[in-house]
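Reading through the structure tokens given below for one structure.
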Amino acid sequence: MSEIPRVPLLIGGKLVQSKTKEWRDVINPATQEVIGRVPFATPDELNEAVANSAEAFKTWRNVSQAKRQQVMINLARLLRENATKIAEVMSHEHGKTVPDAEGEVGRGIEAVEHAISVNTLQLGEYAENAATGIDVYSIIQPLGVCAGITAFNFPVMLPCWMFPVAVTVGNTFVLKPSEQDPTAALMLAQLALEAGLPPGVLNVVHGGPETANALCDHADVKAVSFIGSSRVGAHIYERASAAGKRCQAMMGAKNHSVIMPDADREAALNSMLGAAFGAAGERCMAISVLVLVGEAQKWLPDFVERAKKLKVNVGTDRKADLGPLVSQRAKERVVGLIQKGVDEGADLVLDGRGISVAGYEKGNFVGPTIFSKVKGDMTIYHEEIFGPVLSVVLVDTLEEAVDFINGNPNGNGTSIFTQDGSAARYFQNNIGVGQVGINIPIPVPVAWFSFTGSRASKLGDLGPNGRQAVYFWTQTKTVTARWSAHHREVNTTIAMK
């Protein structure tokens, strides 16, 4: 019997076997097979990772922008070359289908390619003779050691939303990926080293809450980025902020999609199938609430029939539409919430419980599940289920739909399907959600635009990607300079003379 592989740390450019006594099993969610063991890094190991980043910052911050860009150019190429290999690892540890995982790597590459161009967003300002003989200019500088804490559901894309921009503007980075599926993130970091990132610029530590807390508390860490659940995100934001660090936390969601009666029926229904059930619903931007307006309510039976045809199977089956949930605990929670919906009076029109996949009977499978006649006070509506469960809400008008969505505290994303420009414009102007899709089900923007989730889905003013990411990972320093010495008299006023 072969020994179960142990996932290493990455410190100072080298793979390091942890000396910890605390390990967690990495489990294939389709088989329950233990396929790896991940360490919970010791305090000394975490301190060593941060110290390596701090030491590397002394030189990395002074490396030319052109050389830092070249590393990202190389990384984008290496990610393309290794996309399928990384996707297969993701599928084994997370459960998502290989094509979905390959798509995730593609979105990660998009973020890396954005990092290549961030020098244009790192330009300062200059004013000659702002006062007599005095020039004023601003320079945009890196912060120092930065940290990222990522969720399990996008083990490659989420790190790519963090460290590529952070290191390209001159910071160094400590990444703590999810302990549930750590290997793909570690592979990503190794490719970054192969791309030319110097040792110590990017370190990877594994662990649970104590490791995350230690990153929030460490005096040498200047900024923390988090993507994950609302409960953990609120804790990270509060703890890091209390320690004087810059922090952003992208958190939970309850995303709605509105279908108007004039929508392209085929496009709208097929889009909703992917948005609600793709990745088994384990996306913070998944559409979990469908709002059918007026005559569009008659499309529900057709939608249910289409959902029944989706294929549930192990993620390595390229024809599968959705794979297993990440863990048995996740499956138990989703199944429990489905029962809660039944108990509270929602109409269960498609039940995905009890799914069994031949050859993978122990897998954490839940099939597409649809509730109709869902009300705003039901548990399945106000809790993020994070599974392939769609709640359908029926309203008469667009105005009712907007009011209903605005009554939800979350604000990650929302969308509308319509062929009426005035309806789309009303929706985008009146909806209180940070990211809006028009005939696009999941409005995650391209990486050169910032991720702008809002309200209870976000803590901090600045989001990942785009211009906001550059602002988050840098600080502006303003210099006021005089090189002319002809003003020698005493000036006791605030005026510049």
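Each chain in the structure tokens gets a letter, A, B and so on, in the order shown; residues start at 1 in every chain, and ligands are counted from 1 in the order they appear.
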Spatial neighbours of Val232 (chain A), 10 Å, only C-alpha atoms, chain gap at least 4 places, as a PyMOL selection string: chain A and resi 209+212+226-228+236-238+249+251-252
Quick one: everything within 7 Å of region 117-128 of chain A, counting only C-alpha atoms, minus sequence neighbours fewer than 3 positions away in the same chain. Send it as a PDB file with N, CA, C and O atoms, in the first residue's frame.
ATOM      1  N   GLN A  65       9.928  47.555 -13.262  1.00  0.00           N
ATOM      2  CA  GLN A  65       8.580  47.148 -13.660  1.00  0.00           C
ATOM      3  C   GLN A  65       8.636  46.179 -14.830  1.00  0.00           C
ATOM      4  O   GLN A  65       7.863  45.220 -14.895  1.00  0.00           O
ATOM      5  N   HIS A 114      -3.875  40.601 -16.802  1.00  0.00           N
ATOM      6  CA  HIS A 114      -4.148  41.961 -16.336  1.00  0.00           C
ATOM      7  C   HIS A 114      -2.972  42.495 -15.531  1.00  0.00           C
ATOM      8  O   HIS A 114      -2.583  43.664 -15.660  1.00  0.00           O
ATOM      9  N   ILE A 134       8.424  75.466  -6.223  1.00  0.00           N
ATOM     10  CA  ILE A 134       8.090  74.226  -5.515  1.00  0.00           C
ATOM     11  C   ILE A 134       7.347  73.286  -6.453  1.00  0.00           C
ATOM     12  O   ILE A 134       6.352  73.661  -7.076  1.00  0.00           O
ATOM     13  N   ASP A 135       7.849  72.067  -6.548  1.00  0.00           N
ATOM     14  CA  ASP A 135       7.188  71.027  -7.334  1.00  0.00           C
ATOM     15  C   ASP A 135       6.521  70.036  -6.377  1.00  0.00           C
ATOM     16  O   ASP A 135       7.073  69.709  -5.321  1.00  0.00           O
ATOM     17  N   VAL A 136       5.340  69.564  -6.748  1.00  0.00           N
ATOM     18  CA  VAL A 136       4.620  68.568  -5.945  1.00  0.00           C
ATOM     19  C   VAL A 136       4.347  67.354  -6.838  1.00  0.00           C
ATOM     20  O   VAL A 136       3.883  67.511  -7.966  1.00  0.00           O
ATOM     21  N   TYR A 137       4.680  66.208  -6.330  1.00  0.00           N
ATOM     22  CA  TYR A 137       4.411  65.000  -7.112  1.00  0.00           C
ATOM     23  C   TYR A 137       4.054  63.845  -6.187  1.00  0.00           C
ATOM     24  O   TYR A 137       4.395  63.846  -4.999  1.00  0.00           O
ATOM     25  N   SER A 138       3.326  62.883  -6.744  1.00  0.00           N
ATOM     26  CA  SER A 138       2.933  61.693  -5.985  1.00  0.00           C
ATOM     27  C   SER A 138       3.564  60.473  -6.630  1.00  0.00           C
ATOM     28  O   SER A 138       3.720  60.403  -7.848  1.00  0.00           O
ATOM     29  N   ILE A 139       3.934  59.529  -5.801  1.00  0.00           N
ATOM     30  CA  ILE A 139       4.471  58.256  -6.282  1.00  0.00           C
ATOM     31  C   ILE A 139       3.664  57.132  -5.634  1.00  0.00           C
ATOM     32  O   ILE A 139       3.226  57.243  -4.489  1.00  0.00           O
ATOM     33  N   ILE A 140       3.447  56.092  -6.391  1.00  0.00           N
ATOM     34  CA  ILE A 140       2.632  54.968  -5.926  1.00  0.00           C
ATOM     35  C   ILE A 140       3.569  53.810  -5.630  1.00  0.00           C
ATOM     36  O   ILE A 140       4.221  53.277  -6.528  1.00  0.00           O
ATOM     37  N   ARG A 467      -8.548  48.293 -11.538  1.00  0.00           N
ATOM     38  CA  ARG A 467      -7.894  49.457 -10.954  1.00  0.00           C
ATOM     39  C   ARG A 467      -7.911  49.406  -9.426  1.00  0.00           C
ATOM     40  O   ARG A 467      -6.948  49.787  -8.755  1.00  0.00           O
ATOM     41  N   VAL A 470      -4.982  47.524  -7.781  1.00  0.00           N
ATOM     42  CA  VAL A 470      -3.733  48.290  -7.722  1.00  0.00           C
ATOM     43  C   VAL A 470      -3.766  49.257  -6.552  1.00  0.00           C
ATOM     44  O   VAL A 470      -2.791  49.392  -5.806  1.00  0.00           O
TER      45      VAL A 470
END
Can I get the residues of region 278-313 of chain A within 12 Å of region 329-345 of chain A, each with the closest pair of atoms and their distance in Å to one decimal, using only C-alpha atoms, sorted chain first then ascending number, as CSV?
residue,atom,partner,partner_atom,distance
A:Ala280,CA,A:Lys331,CA,10.5
A:Gly281,CA,A:Val334,CA,10.3
A:Glu282,CA,A:Ala330,CA,9.8
Store the residues of this selection in a file with all heavy atoms, as a PDB file, in the first residue's frame.
ATOM      1  N   ALA A 280     -21.794  22.467  -9.191  1.00  0.00           N
ATOM      2  CA  ALA A 280     -22.678  22.000  -8.110  1.00  0.00           C
ATOM      3  C   ALA A 280     -23.122  23.145  -7.208  1.00  0.00           C
ATOM      4  O   ALA A 280     -23.409  22.953  -6.028  1.00  0.00           O
ATOM      5  CB  ALA A 280     -22.001  20.900  -7.292  1.00  0.00           C
ATOM      6  N   GLY A 281     -23.192  24.337  -7.779  1.00  0.00           N
ATOM      7  CA  GLY A 281     -23.658  25.503  -7.019  1.00  0.00           C
ATOM      8  C   GLY A 281     -22.640  26.065  -6.051  1.00  0.00           C
ATOM      9  O   GLY A 281     -22.953  26.996  -5.305  1.00  0.00           O
ATOM     10  N   GLU A 282     -21.412  25.541  -6.055  1.00  0.00           N
ATOM     11  CA  GLU A 282     -20.405  25.990  -5.095  1.00  0.00           C
ATOM     12  C   GLU A 282     -19.632  27.194  -5.649  1.00  0.00           C
ATOM     13  O   GLU A 282     -18.420  27.164  -5.820  1.00  0.00           O
ATOM     14  CB  GLU A 282     -19.461  24.843  -4.742  1.00  0.00           C
ATOM     15  CG  GLU A 282     -20.155  23.767  -3.920  1.00  0.00           C
ATOM     16  CD  GLU A 282     -19.247  22.601  -3.585  1.00  0.00           C
ATOM     17  OE1 GLU A 282     -18.452  22.183  -4.460  1.00  0.00           O
ATOM     18  OE2 GLU A 282     -19.335  22.088  -2.456  1.00  0.00           O
TER      19      GLU A 282
END
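Shortest separation to Leu202 (chain A) among A:Val326, A:Val26, A:Ala147, A:Ala76 occurs at residue A:Ala147, atoms counted being only C-alpha atoms.
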Using only C-alpha atoms, I'd like a table of the residues in region 195-314 of chain A that come within 12 Å of region 362-367 of chain A; for each, show the closest atom pair and its distance in Å rounded to one decimal, ordered by chain and ascending number, as CSV.
residue,atom,partner,partner_atom,distance
A:Ala276,CA,A:Gly367,CA,11.4
A:Phe277,CA,A:Gly367,CA,8.5
A:Gly278,CA,A:Gly367,CA,10.8
A:Ala279,CA,A:Gly367,CA,11.3
A:Ala280,CA,A:Val366,CA,7.7
A:Gly281,CA,A:Val366,CA,10.0
A:Glu282,CA,A:Val366,CA,11.6
A:Ala307,CA,A:Gly367,CA,9.1
A:Lys308,CA,A:Gly367,CA,8.6
A:Lys309,CA,A:Gly367,CA,10.4
A:Leu310,CA,A:Gly367,CA,8.4
A:Lys311,CA,A:Gly367,CA,8.5
A:Val312,CA,A:Gly367,CA,6.5
A:Asn313,CA,A:Phe365,CA,8.0
A:Val314,CA,A:Gly363,CA,8.2
Save out the residues we just selected, C-alpha atoms, as a PDB file, in the first residue's frame.
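See selection25.pdb below for the written result:
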ATOM      1  CA  ALA A 276     -27.635  27.699 -10.906  1.00  0.00           C
ATOM      2  CA  PHE A 277     -26.171  24.202 -11.153  1.00  0.00           C
ATOM      3  CA  GLY A 278     -22.684  24.545 -12.621  1.00  0.00           C
ATOM      4  CA  ALA A 279     -19.891  23.610 -10.173  1.00  0.00           C
ATOM      5  CA  ALA A 280     -22.678  22.000  -8.110  1.00  0.00           C
ATOM      6  CA  GLY A 281     -23.658  25.503  -7.019  1.00  0.00           C
ATOM      7  CA  GLU A 282     -20.405  25.990  -5.095  1.00  0.00           C
ATOM      8  CA  ALA A 307     -32.734  20.526 -15.295  1.00  0.00           C
ATOM      9  CA  LYS A 308     -33.696  16.840 -15.048  1.00  0.00           C
ATOM     10  CA  LYS A 309     -31.498  16.141 -18.088  1.00  0.00           C
ATOM     11  CA  LEU A 310     -28.321  17.532 -16.542  1.00  0.00           C
ATOM     12  CA  LYS A 311     -25.737  14.823 -15.986  1.00  0.00           C
ATOM     13  CA  VAL A 312     -24.376  14.286 -12.477  1.00  0.00           C
ATOM     14  CA  ASN A 313     -21.136  12.328 -12.390  1.00  0.00           C
ATOM     15  CA  VAL A 314     -17.538  12.261 -11.243  1.00  0.00           C
TER      16      VAL A 314
END
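In this comparison, which uses only C-alpha atoms, the residue of A:Asn406, A:Leu191, A:Asp25, A:Asp321 approaching Arg80 (chain A) most closely is A:Leu191.
Going from CA of Val436 (chain A) over to CA of Ala234 (chain A), you cover 23.9 Å.
For the set A:Asn465, A:Ser422, A:Leu10, A:Val145, the residue with the smallest atom-to-atom gap to Arg61 (chain A) is A:Val145, counting only C-alpha atoms.
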Pairwise distance for CA of Gln69 (chain A) and CA of Thr150 (chain A), rounded to one decimal in Å: 23.9 Å
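Closest approach to Ile438 (chain A) among A:Gly413, A:Pro39, A:Gly274, A:Gly453: A:Gly413, based on only C-alpha atoms.
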